[in-house]
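One structure below.
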Amino acid sequence: MINRNISLNKGTYKQPNIFGYYGNFGGAYIPEMLHRNVEELREKYINIMYEESFQKEFHALLKDYVGRPSPLYFATRLSAHYNTKIYLKREDLNHTGAHKINNAIGQVLLAQRLGKKRIIAETGAGQHGVATATVCALKGIECVVYMGVKDIERQAPNVARMKMLGATVVPARSGSQTLKDATNEAIRDWINNPTDTHYVIGSVVGPHPYPDMVARFQSVISEEMRGQLKEQTGNEMPSKIIACVGGGSNAAGAFYHFLEDLNVELIAVEAAGLGVKSGHSAATTQLGKPGVLHGSKSLVMQTDDGQVIEPHSISAGLDYPGIGPLHAHLFESGRANF
Ligand SMILES: *Cc1c(COP(=O)(O)O)cnc(C)c1O
């Protein structure tokens with residue numbers, strides 16, 4: 001079912017071209033110092049991911065450690081209220097409470113096969129940090145999580161969890177002291193530790209091959225949805241799929257195996273904050289312009305001279321000033337409604 005080939009042309013919805021572009025977005029805009037790390041990953045990720053031993057260990061952990069498949073729940077009263085049929089894909093029932101663990105397991109297994117001894121990660125609300133710290137504890141690998149000072153204050157329970165799991169939480173004190181600054185600090189760490197460290201990015205963002213790699217790890221969500229819909233309704237095709245977008249990893253996972261089924265309407269929901277035009281919003285497709293953020297070209301909330309605008313949402317994890325390049329392409333091409 002999964003196509004291992006990277007296309008040579010403009011890329012499809014499902015996979016970027018060899019340079020990591022989905023349409024006009026993607027690529028790998030990285031400092032020279034990171035070139036070797038990213039290039040090593042780009043050369044090896046597909047082959048490692050689809051090795052039989054990798055697939056076996058990945059799926060065994062998804063089943064017995066994460067608790068997959070996550071249920072597809074028919075929400076009867078919500079459905080009656082809207083006079084339709086609404087199913088909830090319960091990623092919140094995964095171990096550690098979100099979809100983040102799917103990607104964290106995939107990347108840590110990959111890092112081990114690359115011979116890496118140390119894991120770093122960025123986190124905003126703390127979910128990705130907790131997931132990564134959990135998988136590192138499972139595997140007995142050193143884990144360092146970068147987190148903005150403001151987020152450390154706002155998300156104290158997740159900070160305590162990461163520390164309990166043996167991770168080191170490093171406060172990011174620069175800029176707005178939130179997610180984008182934690183990401184900058186993590187990138188800086190990787191530059192300083194290029195040989196023994198793997199950087200586990202938490203969403204479908206970052207330089208190629210991260211967006212494609214993370215989308216593939218999260219694609220288990222839509223793979224299960226097809227089977228569960230078929231079992232419960234006799235039809236594996238939903239009319240619509242709705243998912244929220246921070247960086248876009250749960251949405252990418254939920255859309256993935258339906259991207260080429262053009263009868264399935266894809267709806268991505270961004271955080272409006274206090275309102276799209278309020279100056280306190282995280283609706284990147286509505287407010288963003290093409291630009292480079294954290295290693296790829298995408299839509300970015302920025303001023304006319306290219307300074308990143310602080311996003312706002314009370315929703316933990318949705319206050320990111322960019323979106324993954326796949327989503328920028330889905331938006332620009334009209335394949336998904338934002
Ligand atoms: C991290 C997170 C998000 C936002 O990240 P995506 O990459 O867009 O999925 C949304 N919801 C939850 C529960 C999260 O943990």
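Just remember, in the structure tokens the first chain shown is A, the second B, etc., residues are 1-based per chain, and ligands are 1-based in the order shown.
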
Tell me which protein, DNA and RNA residues are within 6 Å of region 63-78 of chain A, counting only C-alpha atoms, leaving out same-chain ones fewer than 5 positions away, and put them as number ranges by chain. A: 86-91, 94-95

Written selection (N, CA, C and O atoms) as a tab-separated table (two decimals), in the first residue's frame:
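again15.tsv, written as the output of this step:
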chain	number	residue	atom	x	y	z
A	86	ILE	N	-21.15	11.11	12.55
A	86	ILE	CA	-19.83	11.61	12.94
A	86	ILE	C	-19.08	10.52	13.71
A	86	ILE	O	-19.59	10.00	14.72
A	87	TYR	N	-17.90	10.21	13.22
A	87	TYR	CA	-17.03	9.23	13.88
A	87	TYR	C	-15.80	9.95	14.42
A	87	TYR	O	-15.25	10.82	13.76
A	88	LEU	N	-15.40	9.59	15.64
A	88	LEU	CA	-14.21	10.20	16.25
A	88	LEU	C	-13.07	9.18	16.26
A	88	LEU	O	-13.23	8.07	16.78
A	89	LYS	N	-11.95	9.56	15.67
A	89	LYS	CA	-10.77	8.70	15.72
A	89	LYS	C	-10.04	9.05	17.01
A	89	LYS	O	-9.48	10.14	17.14
A	90	ARG	N	-10.03	8.11	17.97
A	90	ARG	CA	-9.64	8.45	19.33
A	90	ARG	C	-8.13	8.35	19.56
A	90	ARG	O	-7.66	7.53	20.35
A	91	GLU	N	-7.38	9.27	18.94
A	91	GLU	CA	-5.93	9.32	19.16
A	91	GLU	C	-5.60	9.73	20.60
A	91	GLU	O	-4.50	9.47	21.09
A	94	ASN	N	-4.35	6.95	22.95
A	94	ASN	CA	-3.00	6.38	22.86
A	94	ASN	C	-2.24	6.59	24.17
A	94	ASN	O	-2.50	7.56	24.89
A	95	HIS	N	-1.25	5.75	24.44
A	95	HIS	CA	-0.34	5.98	25.55
A	95	HIS	C	0.28	7.38	25.42
A	95	HIS	O	0.67	7.77	24.32

Picked from region 195-315 of chain A by DSSP as strand (DSSP E or B), as a list in words: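 Filtering region 195-315 of chain A down to strand (DSSP E or B) leaves Thr197, His198, Tyr199, Val200, Lys240, Ile241, Ile242, Ala243, Cys244, Glu265, Leu266, Ile267, Ala268, Val269, Lys289, Pro290, Gly291, Val292, Leu293, Ser296, Lys297, Ser298, Leu299, Val300, Gln302 and Val308 of chain A.
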
Write out as a tab-separated table the residues of chain A that have any atom within 10 Å of an atom of ligand 1, one row each with the nearest atom pair and its distance in Å to one decimal, counting only C-alpha atoms and all ligand atoms, sorted by chain and then rising number.
residue	atom	partner	partner_atom_place_in_ligand_line	distance
A:Glu91	CA	ligand 1	13 (C)	8.1
A:Asp92	CA	ligand 1	13 (C)	6.9
A:Thr96	CA	ligand 1	15 (O)	9.5
A:Gly97	CA	ligand 1	13 (C)	7.4
A:Ala98	CA	ligand 1	15 (O)	5.1
A:His99	CA	ligand 1	15 (O)	6.6
A:Lys100	CA	ligand 1	15 (O)	6.2
A:Ile101	CA	ligand 1	15 (O)	9.4
A:Thr123	CA	ligand 1	1 (C)	8.6
A:Gly124	CA	ligand 1	1 (C)	8.0
A:Ala125	CA	ligand 1	1 (C)	7.3
A:Gly126	CA	ligand 1	15 (O)	8.0
A:Gln127	CA	ligand 1	15 (O)	5.1
A:His128	CA	ligand 1	1 (C)	6.4
A:Gly129	CA	ligand 1	1 (C)	9.8
A:Val130	CA	ligand 1	15 (O)	9.9
A:Ala131	CA	ligand 1	15 (O)	9.4
A:Ile201	CA	ligand 1	7 (O)	9.8
A:Gly202	CA	ligand 1	7 (O)	6.7
A:Ser203	CA	ligand 1	7 (O)	4.2
A:Val204	CA	ligand 1	7 (O)	6.3
A:Val205	CA	ligand 1	7 (O)	8.2
A:Val214	CA	ligand 1	7 (O)	9.3
A:Ala215	CA	ligand 1	7 (O)	9.6
A:Gln218	CA	ligand 1	9 (O)	9.4
A:Ala243	CA	ligand 1	9 (O)	8.4
A:Cys244	CA	ligand 1	8 (O)	6.2
A:Val245	CA	ligand 1	8 (O)	3.9
A:Gly246	CA	ligand 1	8 (O)	3.4
A:Gly247	CA	ligand 1	8 (O)	4.0
A:Gly248	CA	ligand 1	8 (O)	3.3
A:Ser249	CA	ligand 1	7 (O)	3.5
A:Asn250	CA	ligand 1	9 (O)	3.8
A:Ala251	CA	ligand 1	9 (O)	6.0
A:Ala252	CA	ligand 1	9 (O)	7.8
A:Gly253	CA	ligand 1	9 (O)	8.5
A:Ala254	CA	ligand 1	9 (O)	9.7
A:Ala268	CA	ligand 1	8 (O)	9.6
A:Val269	CA	ligand 1	8 (O)	9.5
A:Glu270	CA	ligand 1	8 (O)	8.8
A:Ser315	CA	ligand 1	10 (C)	8.2
A:Ala316	CA	ligand 1	2 (C)	7.2
A:Gly317	CA	ligand 1	4 (C)	4.7
A:Leu318	CA	ligand 1	4 (C)	5.2
A:Asp319	CA	ligand 1	4 (C)	8.5
A:Tyr320	CA	ligand 1	4 (C)	8.7
A:Ile323	CA	ligand 1	8 (O)	7.9
A:Gly324	CA	ligand 1	7 (O)	8.4

Computed gap from CA of His294 (chain A) to CA of Leu109 (chain A) is 23.3 Å

What residues in region 50-267 of chain A get the DSSP label helix (DSSP H, G or I)? Please answer as a VMD selection string. chain A and resid 52 to 66 76 to 82 91 to 93 100 to 113 127 to 139 149 to 154 156 to 164 179 to 192 210 to 218 220 to 233 249 to 258

Could you list, as a list in words, every residue within 10 Å of Tyr29 (chain A), counting only C-alpha atoms and ignoring same-chain residues fewer than 5 positions away?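 What passes the distance filter is Leu34, His35, Gly206, Pro207, His208, Val292, Leu293, His294, Gly295, Ser296 and Lys297 of chain A.
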
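Nearest residue to Ala336 (chain A) among A:Asp304, A:Lys277, A:Asp151, A:Phe258 is A:Phe258, counting only C-alpha atoms.
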
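Between CA of Leu138 (chain A) and CA of Ile120 (chain A) there is a distance of 15.3 Å.
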
Out of A:Tyr256, A:Thr183, A:Ala60, A:Pro290, which residue has the shortest atom-to-atom distance to Thr12 (chain A) when counting only C-alpha atoms?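 With only C-alpha atoms as the atom set, the closest residue is A:Tyr256.
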
If you measure from CA of Gly166 (chain A) to CA of Ile152 (chain A), what distance in Å do you get, rounded to one decimal?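 Calculated distance between CA of Gly166 (chain A) and CA of Ile152 (chain A) is 16.4 Å.
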
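Ranking A:Ala283, A:Leu330, A:Val159, A:Leu299 by their shortest atom-to-atom distance to Leu262 (chain A), with only C-alpha atoms included, puts A:Leu330 first.
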
Env of Gln177 (chain A): 7 Å cut, atoms = only C-alpha atoms, seq-sep filter 2 positions within chain, self excluded. Answer as a ChimeraX atom specification. /A:148-150,172-175,181

Output all heavy atoms for every residue in that selection, as a short mmCIF file (atom, residue, chain, number, x, y, z; two decimals), in the first residue's frame.
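Written out: again_6.cif:
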data_model
loop_
_atom_site.label_atom_id
_atom_site.label_comp_id
_atom_site.auth_asym_id
_atom_site.auth_seq_id
_atom_site.Cartn_x
_atom_site.Cartn_y
_atom_site.Cartn_z
N GLY A 148 10.24 26.42 25.62
CA GLY A 148 10.24 27.83 25.96
C GLY A 148 9.93 28.06 27.43
O GLY A 148 9.16 27.31 28.03
N VAL A 149 10.56 29.10 28.00
CA VAL A 149 10.36 29.40 29.42
C VAL A 149 8.88 29.60 29.74
O VAL A 149 8.36 29.10 30.75
CB VAL A 149 11.17 30.66 29.82
CG1 VAL A 149 10.79 31.13 31.22
CG2 VAL A 149 12.66 30.38 29.74
N LYS A 150 8.17 30.30 28.84
CA LYS A 150 6.74 30.54 29.08
C LYS A 150 5.95 29.24 29.08
O LYS A 150 5.03 29.06 29.88
CB LYS A 150 6.17 31.46 28.00
CG LYS A 150 6.40 32.92 28.30
CD LYS A 150 5.47 33.80 27.49
CE LYS A 150 5.93 35.25 27.61
NZ LYS A 150 5.94 35.93 26.32
N ALA A 172 14.22 27.42 26.87
CA ALA A 172 14.61 28.31 25.78
C ALA A 172 14.23 29.73 26.18
O ALA A 172 13.05 30.04 26.38
CB ALA A 172 13.92 27.90 24.48
N ARG A 173 15.26 30.58 26.32
CA ARG A 173 15.03 31.92 26.87
C ARG A 173 14.98 33.01 25.81
O ARG A 173 14.74 34.16 26.12
CB ARG A 173 16.13 32.27 27.88
CG ARG A 173 16.22 31.28 29.02
CD ARG A 173 17.27 31.67 30.06
NE ARG A 173 17.43 30.58 31.03
CZ ARG A 173 16.58 30.35 32.02
NH1 ARG A 173 15.52 31.11 32.20
NH2 ARG A 173 16.78 29.33 32.84
N SER A 174 15.23 32.62 24.55
CA SER A 174 15.28 33.65 23.51
C SER A 174 13.88 34.02 23.02
O SER A 174 12.91 33.32 23.30
CB SER A 174 16.13 33.14 22.34
OG SER A 174 15.56 31.96 21.81
N GLY A 175 13.78 35.10 22.28
CA GLY A 175 12.56 35.52 21.59
C GLY A 175 11.33 35.55 22.48
O GLY A 175 11.37 36.08 23.59
N ASP A 181 11.02 29.28 19.53
CA ASP A 181 12.34 29.52 20.13
C ASP A 181 12.95 28.21 20.62
O ASP A 181 14.16 28.00 20.51
CB ASP A 181 12.20 30.52 21.28
CG ASP A 181 11.34 31.69 20.83
OD1 ASP A 181 11.82 32.47 20.01
OD2 ASP A 181 10.17 31.78 21.26
#

Rank nothing, just name the residue among A:Val220, A:Leu287, A:Met301, A:Ala104 nearest to Phe255 (chain A), using only C-alpha atoms. A:Val220

Just checking: using only C-alpha atoms, which residue out of A:Leu179, A:Leu266, A:Ile30, A:Met49 ends up closest to Leu114 (chain A)?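 So, comparing all the options, the nearest one is A:Met49.
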